[in-house]
Structures are given as structure tokens and as C-alpha cells.
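Trainee: upload-v8.cif is the file, holding mmCIF, C-alpha atoms:
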```
data_protein
loop_
_atom_site.label_atom_id
_atom_site.label_comp_id
_atom_site.auth_asym_id
_atom_site.auth_seq_id
_atom_site.Cartn_x
_atom_site.Cartn_y
_atom_site.Cartn_z
CA MET A 12 10.69 32.97 26.30
CA ALA A 13 8.75 35.84 24.77
CA LYS A 14 7.15 35.07 21.40
CA PRO A 15 7.74 37.37 18.42
CA PRO A 16 5.03 39.98 17.79
CA GLY A 17 2.06 38.63 15.87
CA CYS A 18 2.22 35.10 17.25
CA ASN A 19 -0.91 33.82 18.95
CA THR A 20 0.00 33.37 22.57
CA LYS A 21 -3.44 32.15 23.63
CA LYS A 22 -3.59 28.45 24.33
CA THR A 23 -6.72 26.56 23.32
CA THR A 24 -8.00 24.60 26.26
CA ALA A 25 -9.11 21.00 25.96
CA ALA A 26 -12.67 22.11 26.72
CA ALA A 27 -12.57 24.69 23.91
CA GLN A 28 -11.24 22.09 21.48
CA ALA A 29 -13.97 19.66 22.50
CA ALA A 30 -16.57 22.38 21.91
CA ILE A 31 -15.21 23.01 18.39
CA VAL A 32 -15.33 19.29 17.55
CA ALA A 33 -18.84 18.97 18.99
CA ARG A 34 -20.02 21.95 16.91
CA GLN A 35 -18.57 20.45 13.73
CA ALA A 36 -20.04 17.03 14.50
CA GLU A 37 -23.44 18.63 15.04
CA ALA A 38 -23.20 20.42 11.68
CA PHE A 39 -22.40 17.13 9.95
CA ARG A 40 -25.29 15.43 11.66
CA ALA A 41 -27.79 18.24 11.04
CA ASN A 42 -26.96 18.24 7.31
CA HIS A 43 -27.00 14.43 7.10
CA TRP A 44 -23.43 14.37 5.85
CA ALA A 45 -22.44 11.93 8.59
CA GLY A 46 -23.93 10.01 11.46
CA PRO A 47 -23.14 7.39 14.08
CA PHE A 48 -22.32 4.16 12.26
CA TYR A 49 -24.82 2.15 14.33
CA GLU A 50 -27.71 4.36 13.17
CA PRO A 51 -28.99 2.05 10.36
CA GLU A 52 -29.94 -0.51 13.01
CA ASN A 53 -32.90 1.72 13.90
CA SER A 54 -34.34 1.30 10.40
CA ARG A 55 -36.44 -1.37 8.77
CA LYS A 56 -34.57 -3.87 6.67
CA LYS A 57 -35.37 -5.70 3.49
CA GLN A 58 -33.21 -8.40 1.95
CA ILE A 59 -33.00 -8.43 -1.84
CA LEU A 60 -31.41 -11.09 -4.01
CA VAL A 61 -30.30 -9.94 -7.46
CA THR A 62 -29.81 -12.76 -9.96
CA ASP A 63 -29.23 -12.72 -13.68
CA ALA A 64 -28.99 -15.37 -16.39
CA ASN A 65 -25.78 -13.91 -17.81
CA PHE A 66 -24.43 -11.06 -15.67
CA LEU A 67 -23.22 -9.29 -18.82
CA LEU A 68 -20.66 -6.51 -18.38
CA PHE A 69 -21.54 -2.82 -18.87
CA ARG A 70 -25.24 -3.62 -19.11
CA PRO A 71 -27.48 -2.25 -16.35
CA ILE A 72 -29.20 -4.85 -14.20
CA TYR A 73 -32.28 -3.02 -12.96
CA MET A 74 -33.87 -3.57 -9.57
CA VAL A 75 -37.27 -5.23 -9.29
CA PRO A 76 -39.89 -2.51 -8.67
CA ASP A 77 -40.59 -1.95 -4.99
CA GLN A 78 -43.10 0.74 -4.05
CA GLU A 79 -42.13 0.60 -0.40
CA LEU A 80 -38.49 1.42 -1.14
CA SER A 81 -39.49 4.04 -3.71
CA ASN A 82 -41.44 5.83 -0.98
CA SER A 83 -38.83 5.54 1.72
CA ARG A 84 -35.57 7.02 2.80
CA ILE A 85 -32.69 4.63 2.22
CA THR A 86 -30.51 4.73 5.34
CA ALA A 87 -27.94 2.01 4.59
CA ILE A 88 -27.07 -0.76 2.16
CA ASN A 89 -25.05 -3.83 3.03
CA LEU A 90 -23.93 -6.45 0.51
CA ILE A 91 -23.43 -9.90 1.92
CA PRO A 92 -20.48 -12.05 0.79
CA ASN A 93 -20.19 -15.84 1.05
CA SER A 94 -18.28 -15.60 4.32
CA VAL A 95 -21.49 -14.29 5.91
CA ILE A 96 -24.18 -16.19 3.96
CA ALA A 97 -22.89 -18.88 1.61
CA SER A 98 -25.97 -19.34 -0.56
CA ALA A 99 -29.55 -18.15 -0.80
CA GLY A 100 -32.39 -18.73 -3.25
CA GLY A 101 -30.43 -21.48 -5.00
CA VAL A 102 -27.44 -19.32 -5.89
CA ASP A 103 -24.06 -18.80 -4.21
CA MET A 104 -22.82 -15.49 -2.89
CA PRO A 105 -19.44 -14.36 -4.25
CA ALA A 106 -16.39 -14.06 -1.96
CA ASN A 107 -16.24 -10.33 -2.71
CA TYR A 108 -18.01 -7.73 -4.81
CA SER A 109 -15.12 -6.11 -6.69
CA TYR A 110 -16.96 -6.51 -10.00
CA GLY A 111 -19.15 -3.47 -10.39
CA LEU A 112 -21.13 -0.48 -9.23
CA LEU A 113 -24.49 0.38 -7.75
CA CYS A 114 -26.26 3.41 -9.23
CA LEU A 115 -29.23 5.06 -7.52
CA VAL A 116 -31.62 7.27 -9.46
CA ASP A 117 -33.86 10.03 -8.12
CA ARG A 118 -37.22 11.36 -9.28
CA CYS A 119 -35.54 13.72 -11.72
CA GLN A 120 -34.07 10.71 -13.55
CA GLU A 121 -30.65 11.74 -12.36
CA VAL A 122 -28.06 9.25 -11.17
CA ILE A 123 -27.29 10.66 -7.74
CA VAL A 124 -25.18 7.80 -6.38
CA THR A 125 -22.46 5.81 -8.14
CA ILE A 126 -20.61 3.57 -5.73
CA PRO A 127 -18.51 0.40 -6.06
CA LEU A 128 -20.35 -2.68 -4.79
CA GLN A 129 -17.43 -3.66 -2.56
CA ASP A 130 -17.84 -0.37 -0.69
CA LEU A 131 -21.24 -1.67 0.38
CA ASN A 132 -19.76 -4.90 1.74
CA ALA A 133 -19.50 -4.14 5.47
CA ALA A 134 -17.53 -7.34 6.09
CA ALA A 135 -14.69 -5.90 3.96
CA ASN A 136 -14.91 -2.45 5.58
CA GLY A 137 -14.44 -2.94 9.30
CA ASN A 138 -18.08 -4.10 9.65
CA LYS A 139 -19.27 -0.54 9.04
CA LYS A 140 -22.34 -0.39 6.87
CA GLN A 141 -22.36 2.34 4.25
CA MET A 142 -24.96 4.87 5.32
CA PHE A 143 -27.19 6.89 2.99
CA TRP A 144 -29.72 9.69 3.19
CA ILE A 145 -31.56 9.11 -0.07
CA GLU A 146 -35.21 10.08 -0.07
CA LYS A 147 -37.63 8.44 -2.48
CA PRO A 148 -35.31 6.86 -5.01
CA VAL A 149 -37.01 5.43 -8.09
CA TRP A 150 -36.11 1.89 -7.09
CA ASN A 151 -36.98 0.20 -10.39
CA GLU A 152 -34.61 2.57 -12.21
CA CYS A 153 -31.72 1.95 -9.83
CA TYR A 154 -29.30 -0.56 -11.25
CA ILE A 155 -26.13 -2.56 -10.86
CA LEU A 156 -23.48 -2.13 -13.53
CA LEU A 157 -20.88 -4.86 -13.74
CA THR A 158 -17.49 -3.73 -15.04
CA GLY A 159 -15.37 -6.82 -14.33
CA ALA A 160 -15.88 -10.53 -14.95
CA GLY A 161 -16.42 -12.84 -12.01
CA LEU A 162 -20.13 -13.38 -11.49
CA THR A 163 -21.97 -16.21 -13.24
CA SER A 164 -25.57 -17.38 -13.34
CA ALA A 165 -24.70 -19.56 -10.32
CA ASN A 166 -24.07 -16.40 -8.28
CA GLY A 167 -26.35 -13.81 -6.76
CA ILE A 168 -25.92 -10.41 -5.18
CA LEU A 169 -27.51 -10.41 -1.74
CA MET A 170 -28.33 -6.95 -0.41
CA ASP A 171 -29.69 -5.76 2.91
CA ILE A 172 -31.52 -2.48 2.34
CA TYR A 173 -32.15 -0.40 5.47
CA TYR A 174 -34.94 2.12 5.05
CA LYS A 175 -37.45 4.33 6.79
CA PRO A 176 -40.89 4.74 5.16
CA LEU A 177 -41.79 8.39 4.52
CA MET B 1 -18.05 7.84 16.29
CA PHE B 2 -19.30 9.24 12.99
CA ASN B 3 -18.97 7.90 9.49
CA ASP B 4 -20.08 9.40 6.20
CA MET B 5 -23.66 9.41 5.02
CA ILE B 6 -24.23 9.57 1.27
CA ARG B 7 -26.68 12.12 -0.07
CA ARG B 8 -25.04 12.35 -3.48
CA CYS B 9 -21.83 10.71 -4.57
CA GLU B 10 -19.95 10.25 -7.78
CA LEU B 11 -16.91 8.29 -8.88
CA VAL B 12 -14.12 10.40 -10.33
CA GLU B 13 -11.66 8.57 -12.54
CA ILE B 14 -8.02 9.63 -12.70
CA PRO B 15 -6.18 7.98 -15.60
CA ILE B 16 -2.50 7.61 -14.70
CA ALA B 17 -0.86 10.02 -17.16
CA ALA B 18 2.75 9.08 -16.38
CA THR B 19 4.43 6.80 -13.88
CA ALA B 20 7.67 8.65 -13.11
CA ALA B 21 8.04 10.12 -9.63
CA ARG B 22 6.64 13.65 -9.21
CA THR B 23 4.41 13.43 -12.30
CA LEU B 24 0.81 14.57 -12.03
CA SER B 25 -2.47 13.09 -13.25
CA LEU B 26 -5.58 15.27 -13.36
CA PHE B 27 -9.03 14.29 -12.14
CA GLN B 28 -11.51 13.53 -14.92
CA PRO B 29 -14.93 14.27 -13.46
CA SER B 30 -17.90 12.53 -15.07
CA GLN B 31 -20.36 14.33 -17.32
CA ASN B 32 -22.68 14.48 -14.34
CA LEU B 33 -20.33 16.90 -12.57
CA ILE B 34 -18.72 18.94 -15.34
CA GLY B 35 -19.72 22.59 -15.13
CA ARG B 36 -21.48 22.16 -11.80
CA ARG B 37 -20.44 23.82 -8.57
CA VAL B 38 -20.03 21.17 -5.92
CA ARG B 39 -19.10 21.18 -2.28
CA ILE B 40 -17.52 17.97 -1.05
CA TYR B 41 -17.68 16.67 2.49
CA ALA B 42 -16.23 13.16 2.27
CA VAL B 43 -13.79 11.31 0.05
CA SER B 44 -12.96 7.66 -0.45
CA ALA B 45 -10.43 6.07 -2.82
CA TYR B 46 -10.34 2.65 -4.47
CA THR B 47 -7.86 0.10 -5.69
CA ALA B 48 -8.35 -3.09 -7.70
CA THR B 49 -9.26 -4.88 -4.47
CA GLN B 50 -12.48 -2.86 -4.34
CA LEU B 51 -13.14 -2.48 -8.06
CA ALA B 52 -11.06 -4.37 -10.60
CA VAL B 53 -12.19 -2.44 -13.70
CA SER B 54 -13.27 1.21 -13.81
CA PRO B 55 -16.57 2.35 -15.35
CA SER B 56 -14.63 3.36 -18.48
CA GLY B 57 -13.14 -0.12 -18.78
CA ARG B 58 -9.62 0.66 -17.55
CA THR B 59 -7.76 -1.44 -15.01
CA VAL B 60 -7.78 0.08 -11.53
CA ILE B 61 -4.44 0.53 -9.76
CA PRO B 62 -3.35 -2.40 -7.57
CA ASN B 63 -3.63 -2.03 -3.80
CA ALA B 64 0.16 -2.30 -3.44
CA ASP B 65 0.52 0.96 -5.37
CA ALA B 66 -1.78 2.98 -3.11
CA VAL B 67 1.31 3.92 -1.10
CA ASN B 68 2.90 5.43 -4.21
CA LEU B 69 0.29 8.14 -4.76
CA THR B 70 -0.86 11.32 -3.06
CA VAL B 71 -3.94 13.41 -3.78
CA ASN B 72 -4.16 17.19 -3.97
CA PHE B 73 -7.53 18.91 -3.72
CA ILE B 74 -7.92 22.40 -5.14
CA LYS B 75 -10.46 24.87 -3.83
CA ASP B 76 -12.61 27.04 -6.03
CA SER B 77 -10.26 29.90 -5.18
CA ASN B 78 -7.39 27.83 -6.68
CA ASP B 79 -5.85 27.23 -3.24
CA ILE B 80 -4.72 23.74 -2.39
CA PHE B 81 -6.71 22.94 0.73
CA ASP B 82 -5.48 19.39 1.12
CA ASN B 83 -1.92 18.97 -0.02
CA SER B 84 -0.36 15.56 -0.67
CA HIS B 85 -3.00 13.50 1.09
CA PRO B 86 -1.82 9.86 1.03
CA TYR B 87 -3.98 7.83 -1.37
CA TYR B 88 -3.63 4.79 0.89
CA GLU B 89 -5.27 6.67 3.73
CA LEU B 90 -8.32 7.45 1.59
CA VAL B 91 -8.96 3.76 0.88
CA ARG B 92 -11.76 2.98 3.29
CA ALA B 93 -10.92 -0.72 3.54
CA ASN B 94 -7.41 0.19 4.74
CA MET B 95 -8.84 2.36 7.52
CA SER B 96 -11.20 -0.12 9.19
CA GLY B 97 -14.11 1.24 7.18
CA TRP B 98 -13.74 4.90 8.20
CA VAL B 99 -14.25 7.46 5.46
CA THR B 100 -12.27 10.70 5.38
CA LEU B 101 -14.57 13.62 6.20
CA PHE B 102 -13.80 17.20 5.21
CA GLN B 103 -15.11 20.46 6.51
CA PRO B 104 -17.42 21.01 3.48
CA VAL B 105 -15.54 22.91 0.80
CA GLU B 106 -16.18 23.95 -2.78
CA VAL B 107 -13.65 22.32 -5.08
CA THR B 108 -12.64 22.69 -8.69
CA LEU B 109 -12.51 19.04 -9.64
CA GLU B 110 -10.85 19.60 -13.01
CA LYS B 111 -7.84 21.08 -11.21
CA CYS B 112 -7.45 18.42 -8.51
CA TYR B 113 -4.70 15.94 -9.22
CA LEU B 114 -2.80 12.84 -8.17
CA GLN B 115 0.94 12.92 -7.72
CA VAL B 116 3.11 9.87 -8.26
CA MET B 117 5.65 9.54 -5.44
CA ALA B 118 7.23 6.33 -6.76
CA ALA B 119 6.53 4.37 -9.93
CA GLY B 120 5.92 1.00 -8.26
CA THR B 121 3.93 -1.14 -10.69
CA LEU B 122 1.82 1.76 -11.92
CA ALA B 123 1.05 1.86 -15.65
CA THR B 124 -0.51 4.43 -17.94
CA THR B 125 -3.20 1.88 -18.80
CA GLN B 126 -4.45 2.08 -15.21
CA SER B 127 -6.76 4.50 -13.45
CA ALA B 128 -7.17 5.60 -9.88
CA LEU B 129 -10.73 6.03 -8.63
CA ILE B 130 -12.05 8.42 -6.03
CA ARG B 131 -15.57 8.70 -4.72
CA ILE B 132 -16.66 12.13 -3.60
CA ASN B 133 -19.70 12.76 -1.44
CA TYR B 134 -20.99 16.14 -2.50
CA GLU B 135 -23.84 18.56 -2.57
CA LEU B 136 -24.74 20.88 -5.41
CA LEU B 137 -24.38 24.62 -4.91
#
```
Here is the file; what I need is its structure written in the form of C-alpha cells.

Mentor:
Amino acid sequence: MAKPPGCNTKKTTAAAQAAIVARQAEAFRANHWAGPFYEPENSRKKQILVTDANFLLFRPIYMVPDQELSNSRITAINLIPNSVIASAGGVDMPANYSYGLLCLVDRCQEVIVTIPLQDLNAAANGNKKQMFWIEKPVWNECYILLTGAGLTSANGILMDIYYKPL
Amino acid sequence: MFNDMIRRCELVEIPIAATAARTLSLFQPSQNLIGRRVRIYAVSAYTATQLAVSPSGRTVIPNADAVNLTVNFIKDSNDIFDNSHPYYELVRANMSGWVTLFQPVEVTLEKCYLQVMAAGTLATTQSALIRINYELL
């Protein structure tokens, strides 16, 4: 049946559609907006345990200074719950991290990342690590901000930081 | 298979203004974003399962109510470019860890809004939370 005037009668072939998707994927990759979810595995990894005597709410818990991380590109962060590692360094890991946020700060003293801790828990997100492209964060000014009760001095926040030195 | 990569991201809180069906609640961007032109390329939403209490101290909506909300994103030109996107679908944990990616687009955050489709157990003391991955223009 003839289509009314003005209708696009050209059919997009599967090959043309694939080319469009490939072009968009390349743009995402080139701008570091997205990447293959296995990519962090090519980075170095450092495990950090954050402990606190009180874990007070709405009070920043700053990271211990780390020159290596401050001069690197952070490629992924993974928080480890007790189903993966039950305890480390004399403290227990919580079952989940629905208690607060991680804030990353850049050289201009600007908070450039605010993300719920549970988003960084790959075990709760289809085992997909949250990827980053953060160059030279000021690590000792990055902090965790707890908004909900749940963590005690018997708990710790165990983080795998994937990074590439610059 | 691609997933999002964060260069800059910010949490946007959306206090539930009313719980009746078809009512709207506007985004409340943080001070960090007000007055800045941003282009977003990925979005993720949260329920109390991911964050029990918002940065402003409000209770976050329960996961069971994610199915009662849709999100509308407004372009800088005042067009709706993503109309009635299911909130549930933006919750990364509900989608096996995949984050919703957008063809990068400049948005007017103050005009974006949530729409209540059904009241469920929503309350005006609660907030929805959305994380936007963005770049400054």
C-alpha cells in the first residue's frame, strides 16, 4: 500500500543501525562517559579500610592522605559487604551500605562526585563495579558522609580503589 | 557491553510535594548545580534500599513505591526529551547494575519533575533521589 506523502519510505538496514550504535558507543568511549564494565580490572587496586570511633551522622569522615591516589586517575570504586569479606582489621563489614554518601573533591576544592555508598557496592548491583574517570582527586579531602544510622565502631567500610598512576 | 563512567555526578533531591495520582514534584538541584549549564549523559535513581536518608535528612521513598513514579526530563529548549520514564527502571539495582545512558543533552534541572502515578505508600515527608552524571558547559 502506498504511504501518504511525507512519510519516510526508506528502511534502515540492520547494518546501518549497527553503524549508528557503534558511532554512539565510540563517542561515549572517547569522552569517557561510558566504558566496558570489565575495564577497571586493567587498573591497579588498593584496598582501604575506613574506621571511626563513633560514625557520627552528617559529619564528614575524611580519607587518610594518599599521595599515590592523589596523583592518579580513579577508574573504579567497589565497596565490600560482609557477604564478600566478613571482617578485616578487627572490624566487621556491614551487610549493606545504605547509610551514606561518598564525596570526591578535585584540585579546585569542588565536590565533583556525590554518590550513595550502596551504588559502589558491586555485589548489590549485578556485580558491576561503578566506574570513574577522575583525575588527580585530592584524596585527603574526599570524605564519607553518613546520613542514616547503622554503622558502629565495630564496623568498617572496606573499599577497593582501582586507579592508574598519572 | 558499556556502563556509565563518572566524570562528575551530583545527587538531585526531589521532595514529594503531593501523593495524589498525577501530581508533580519538581527537582531541587543542589547549590553546586544551580545557575550552571549542564549536559547529562547518564541517570540513576535511588530508593531507601540504596540510601535510607537523603543528604537533607529526609526519608527516601521505599523501593515498593518506585513503580508509582515516573520522571520527566526537560531540555534547555523547554522540550520534554524523556517523557514519563519509569522511576523503577532508573534504579540501577533493579536493572542488574546497568545505568541508563542518554545521548548527552543539556537539561534545565529546575524544570524536570517527577509524576505520581499512584499514591502507594508515598508521603510528603519523603524524597526521591536521582544521580545525574554530567559535564559543565

Trainee: Which polymer residues have any atom within 8 Å of an atom of Gly97 of chain B, counting all atoms listed in the file, with same-chain residues fewer than 6 positions away left out, as a ChimeraX atom specification?

Mentor: /A:133,135-139

Trainee: Given the file shown, determine the residues that the PyMOL selection byres ((chain A and resi 112-116) around 7) selects; report them as a VMD selection string.

Mentor: chain A and resid 111 117 to 118 120 to 128 148 to 149 152 to 157

Trainee: Tell me which of A:Asp63, A:Asp171, A:Asp77, A:Glu146 sits closest to chain B, counting all atoms listed in the file.

Mentor: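 The closest residue to chain B is A:Glu146.
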
Trainee: How many Å separate atom CA of Ile6 of chain B from atom CA of Arg37 of chain B?

Mentor: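 Distance reported for this atom pair: 17.7 Å.
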
Trainee: Can I get the residues of segment 14-102 of chain B within 9 Å of segment 24-48 of chain A, each with the closest pair of atoms and their distance in Å to one decimal, using only C-alpha atoms, sorted chain first then ascending number, as a tab-separated table?

Mentor:
```
residue	atom	partner	partner_atom	distance
B:Tyr41	CA	A:Trp44	CA	7.0
B:Ala42	CA	A:Trp44	CA	8.1
B:Leu101	CA	A:Ala45	CA	8.4
```

Trainee: Might you pull out every residue within 8 Å of Ile168 of chain A, with all atoms listed in the file counted and same-chain residues fewer than 4 positions away left off, and present them as a PDB file with C-alpha atoms, in the frame of the given file?

Mentor:
```
ATOM      1  CA  LEU A  60     -31.410 -11.090  -4.010  1.00  0.00           C
ATOM      2  CA  VAL A  61     -30.300  -9.940  -7.460  1.00  0.00           C
ATOM      3  CA  THR A  62     -29.810 -12.760  -9.960  1.00  0.00           C
ATOM      4  CA  LEU A  90     -23.930  -6.450   0.510  1.00  0.00           C
ATOM      5  CA  ILE A  91     -23.430  -9.900   1.920  1.00  0.00           C
ATOM      6  CA  MET A 104     -22.820 -15.490  -2.890  1.00  0.00           C
ATOM      7  CA  PRO A 105     -19.440 -14.360  -4.250  1.00  0.00           C
TER       8      PRO A 105
END
```

Trainee: Could you jot down the atom CA of Asn78 of chain B to atom CA of Cys112 of chain B separation for me, Å, one decimal place?

Mentor: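 Computing the Euclidean distance for atom CA of Asn78 of chain B and atom CA of Cys112 of chain B yields 9.6 Å.
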
Trainee: So that I can look at just that part, could you write segment 53-75 of chain A with N, CA, C and O atoms, as a PDB file, in the first residue's frame?

Mentor:
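Writing done, so here's selection-v3.pdb:
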```pdb
ATOM      1  N   ASN A  53      41.883  -3.722  34.494  1.00  0.00           N
ATOM      2  CA  ASN A  53      43.208  -3.410  33.950  1.00  0.00           C
ATOM      3  C   ASN A  53      43.971  -2.421  34.825  1.00  0.00           C
ATOM      4  O   ASN A  53      45.085  -2.060  34.513  1.00  0.00           O
ATOM      5  N   SER A  54      43.350  -1.941  35.899  1.00  0.00           N
ATOM      6  CA  SER A  54      43.979  -0.925  36.733  1.00  0.00           C
ATOM      7  C   SER A  54      44.677  -1.567  37.931  1.00  0.00           C
ATOM      8  O   SER A  54      44.489  -2.731  38.225  1.00  0.00           O
ATOM      9  N   ARG A  55      45.445  -0.724  38.625  1.00  0.00           N
ATOM     10  CA  ARG A  55      45.977  -1.149  39.922  1.00  0.00           C
ATOM     11  C   ARG A  55      44.864  -1.057  40.946  1.00  0.00           C
ATOM     12  O   ARG A  55      43.915  -0.304  40.763  1.00  0.00           O
ATOM     13  N   LYS A  56      45.033  -1.762  42.029  1.00  0.00           N
ATOM     14  CA  LYS A  56      43.983  -1.740  43.056  1.00  0.00           C
ATOM     15  C   LYS A  56      44.604  -1.573  44.436  1.00  0.00           C
ATOM     16  O   LYS A  56      45.657  -2.117  44.728  1.00  0.00           O
ATOM     17  N   LYS A  57      43.899  -0.788  45.242  1.00  0.00           N
ATOM     18  CA  LYS A  57      44.332  -0.569  46.610  1.00  0.00           C
ATOM     19  C   LYS A  57      43.132  -0.795  47.502  1.00  0.00           C
ATOM     20  O   LYS A  57      42.039  -0.344  47.166  1.00  0.00           O
ATOM     21  N   GLN A  58      43.325  -1.521  48.594  1.00  0.00           N
ATOM     22  CA  GLN A  58      42.189  -1.748  49.499  1.00  0.00           C
ATOM     23  C   GLN A  58      42.326  -0.828  50.713  1.00  0.00           C
ATOM     24  O   GLN A  58      43.384  -0.769  51.334  1.00  0.00           O
ATOM     25  N   ILE A  59      41.254  -0.113  50.999  1.00  0.00           N
ATOM     26  CA  ILE A  59      41.259   0.869  52.082  1.00  0.00           C
ATOM     27  C   ILE A  59      40.175   0.507  53.081  1.00  0.00           C
ATOM     28  O   ILE A  59      39.044   0.189  52.688  1.00  0.00           O
ATOM     29  N   LEU A  60      40.530   0.536  54.356  1.00  0.00           N
ATOM     30  CA  LEU A  60      39.542   0.272  55.404  1.00  0.00           C
ATOM     31  C   LEU A  60      39.288   1.579  56.160  1.00  0.00           C
ATOM     32  O   LEU A  60      40.211   2.168  56.709  1.00  0.00           O
ATOM     33  N   VAL A  61      38.052   2.027  56.131  1.00  0.00           N
ATOM     34  CA  VAL A  61      37.683   3.258  56.843  1.00  0.00           C
ATOM     35  C   VAL A  61      37.009   2.867  58.150  1.00  0.00           C
ATOM     36  O   VAL A  61      35.997   2.155  58.150  1.00  0.00           O
ATOM     37  N   THR A  62      37.607   3.293  59.257  1.00  0.00           N
ATOM     38  CA  THR A  62      37.005   3.021  60.571  1.00  0.00           C
ATOM     39  C   THR A  62      36.798   4.354  61.283  1.00  0.00           C
ATOM     40  O   THR A  62      37.386   5.374  60.910  1.00  0.00           O
ATOM     41  N   ASP A  63      35.968   4.333  62.288  1.00  0.00           N
ATOM     42  CA  ASP A  63      35.714   5.558  63.044  1.00  0.00           C
ATOM     43  C   ASP A  63      35.235   5.157  64.444  1.00  0.00           C
ATOM     44  O   ASP A  63      34.546   4.144  64.593  1.00  0.00           O
ATOM     45  N   ALA A  64      35.598   5.961  65.422  1.00  0.00           N
ATOM     46  CA  ALA A  64      35.216   5.633  66.801  1.00  0.00           C
ATOM     47  C   ALA A  64      33.719   5.787  67.007  1.00  0.00           C
ATOM     48  O   ALA A  64      33.124   5.091  67.844  1.00  0.00           O
ATOM     49  N   ASN A  65      33.084   6.674  66.252  1.00  0.00           N
ATOM     50  CA  ASN A  65      31.665   6.961  66.507  1.00  0.00           C
ATOM     51  C   ASN A  65      30.762   6.811  65.288  1.00  0.00           C
ATOM     52  O   ASN A  65      29.587   6.537  65.423  1.00  0.00           O
ATOM     53  N   PHE A  66      31.297   7.054  64.115  1.00  0.00           N
ATOM     54  CA  PHE A  66      30.489   7.103  62.889  1.00  0.00           C
ATOM     55  C   PHE A  66      29.288   8.039  63.079  1.00  0.00           C
ATOM     56  O   PHE A  66      28.126   7.658  62.921  1.00  0.00           O
ATOM     57  N   LEU A  67      29.593   9.288  63.447  1.00  0.00           N
ATOM     58  CA  LEU A  67      28.532  10.278  63.659  1.00  0.00           C
ATOM     59  C   LEU A  67      27.881  10.644  62.325  1.00  0.00           C
ATOM     60  O   LEU A  67      28.533  10.648  61.282  1.00  0.00           O
ATOM     61  N   LEU A  68      26.583  10.964  62.394  1.00  0.00           N
ATOM     62  CA  LEU A  68      25.847  11.316  61.176  1.00  0.00           C
ATOM     63  C   LEU A  68      26.136  12.762  60.766  1.00  0.00           C
ATOM     64  O   LEU A  68      26.367  13.621  61.613  1.00  0.00           O
ATOM     65  N   PHE A  69      26.085  13.015  59.466  1.00  0.00           N
ATOM     66  CA  PHE A  69      26.254  14.344  58.876  1.00  0.00           C
ATOM     67  C   PHE A  69      27.557  15.015  59.310  1.00  0.00           C
ATOM     68  O   PHE A  69      27.626  16.216  59.467  1.00  0.00           O
ATOM     69  N   ARG A  70      28.579  14.200  59.540  1.00  0.00           N
ATOM     70  CA  ARG A  70      29.902  14.735  59.842  1.00  0.00           C
ATOM     71  C   ARG A  70      30.896  14.037  58.903  1.00  0.00           C
ATOM     72  O   ARG A  70      30.963  12.810  58.888  1.00  0.00           O
ATOM     73  N   PRO A  71      31.604  14.817  58.090  1.00  0.00           N
ATOM     74  CA  PRO A  71      32.487  14.170  57.107  1.00  0.00           C
ATOM     75  C   PRO A  71      33.548  13.297  57.777  1.00  0.00           C
ATOM     76  O   PRO A  71      34.141  13.690  58.779  1.00  0.00           O
ATOM     77  N   ILE A  72      33.739  12.125  57.214  1.00  0.00           N
ATOM     78  CA  ILE A  72      34.829  11.242  57.650  1.00  0.00           C
ATOM     79  C   ILE A  72      35.845  11.268  56.516  1.00  0.00           C
ATOM     80  O   ILE A  72      35.615  10.692  55.449  1.00  0.00           O
ATOM     81  N   TYR A  73      36.933  12.011  56.737  1.00  0.00           N
ATOM     82  CA  TYR A  73      37.903  12.239  55.661  1.00  0.00           C
ATOM     83  C   TYR A  73      38.799  11.022  55.450  1.00  0.00           C
ATOM     84  O   TYR A  73      39.082  10.266  56.383  1.00  0.00           O
ATOM     85  N   MET A  74      39.252  10.879  54.204  1.00  0.00           N
ATOM     86  CA  MET A  74      40.154   9.794  53.850  1.00  0.00           C
ATOM     87  C   MET A  74      41.556  10.092  54.379  1.00  0.00           C
ATOM     88  O   MET A  74      41.952  11.260  54.487  1.00  0.00           O
ATOM     89  N   VAL A  75      42.288   9.037  54.677  1.00  0.00           N
ATOM     90  CA  VAL A  75      43.684   9.182  55.083  1.00  0.00           C
ATOM     91  C   VAL A  75      44.476   9.627  53.853  1.00  0.00           C
ATOM     92  O   VAL A  75      44.275   9.086  52.757  1.00  0.00           O
TER      93      VAL A  75
END
```
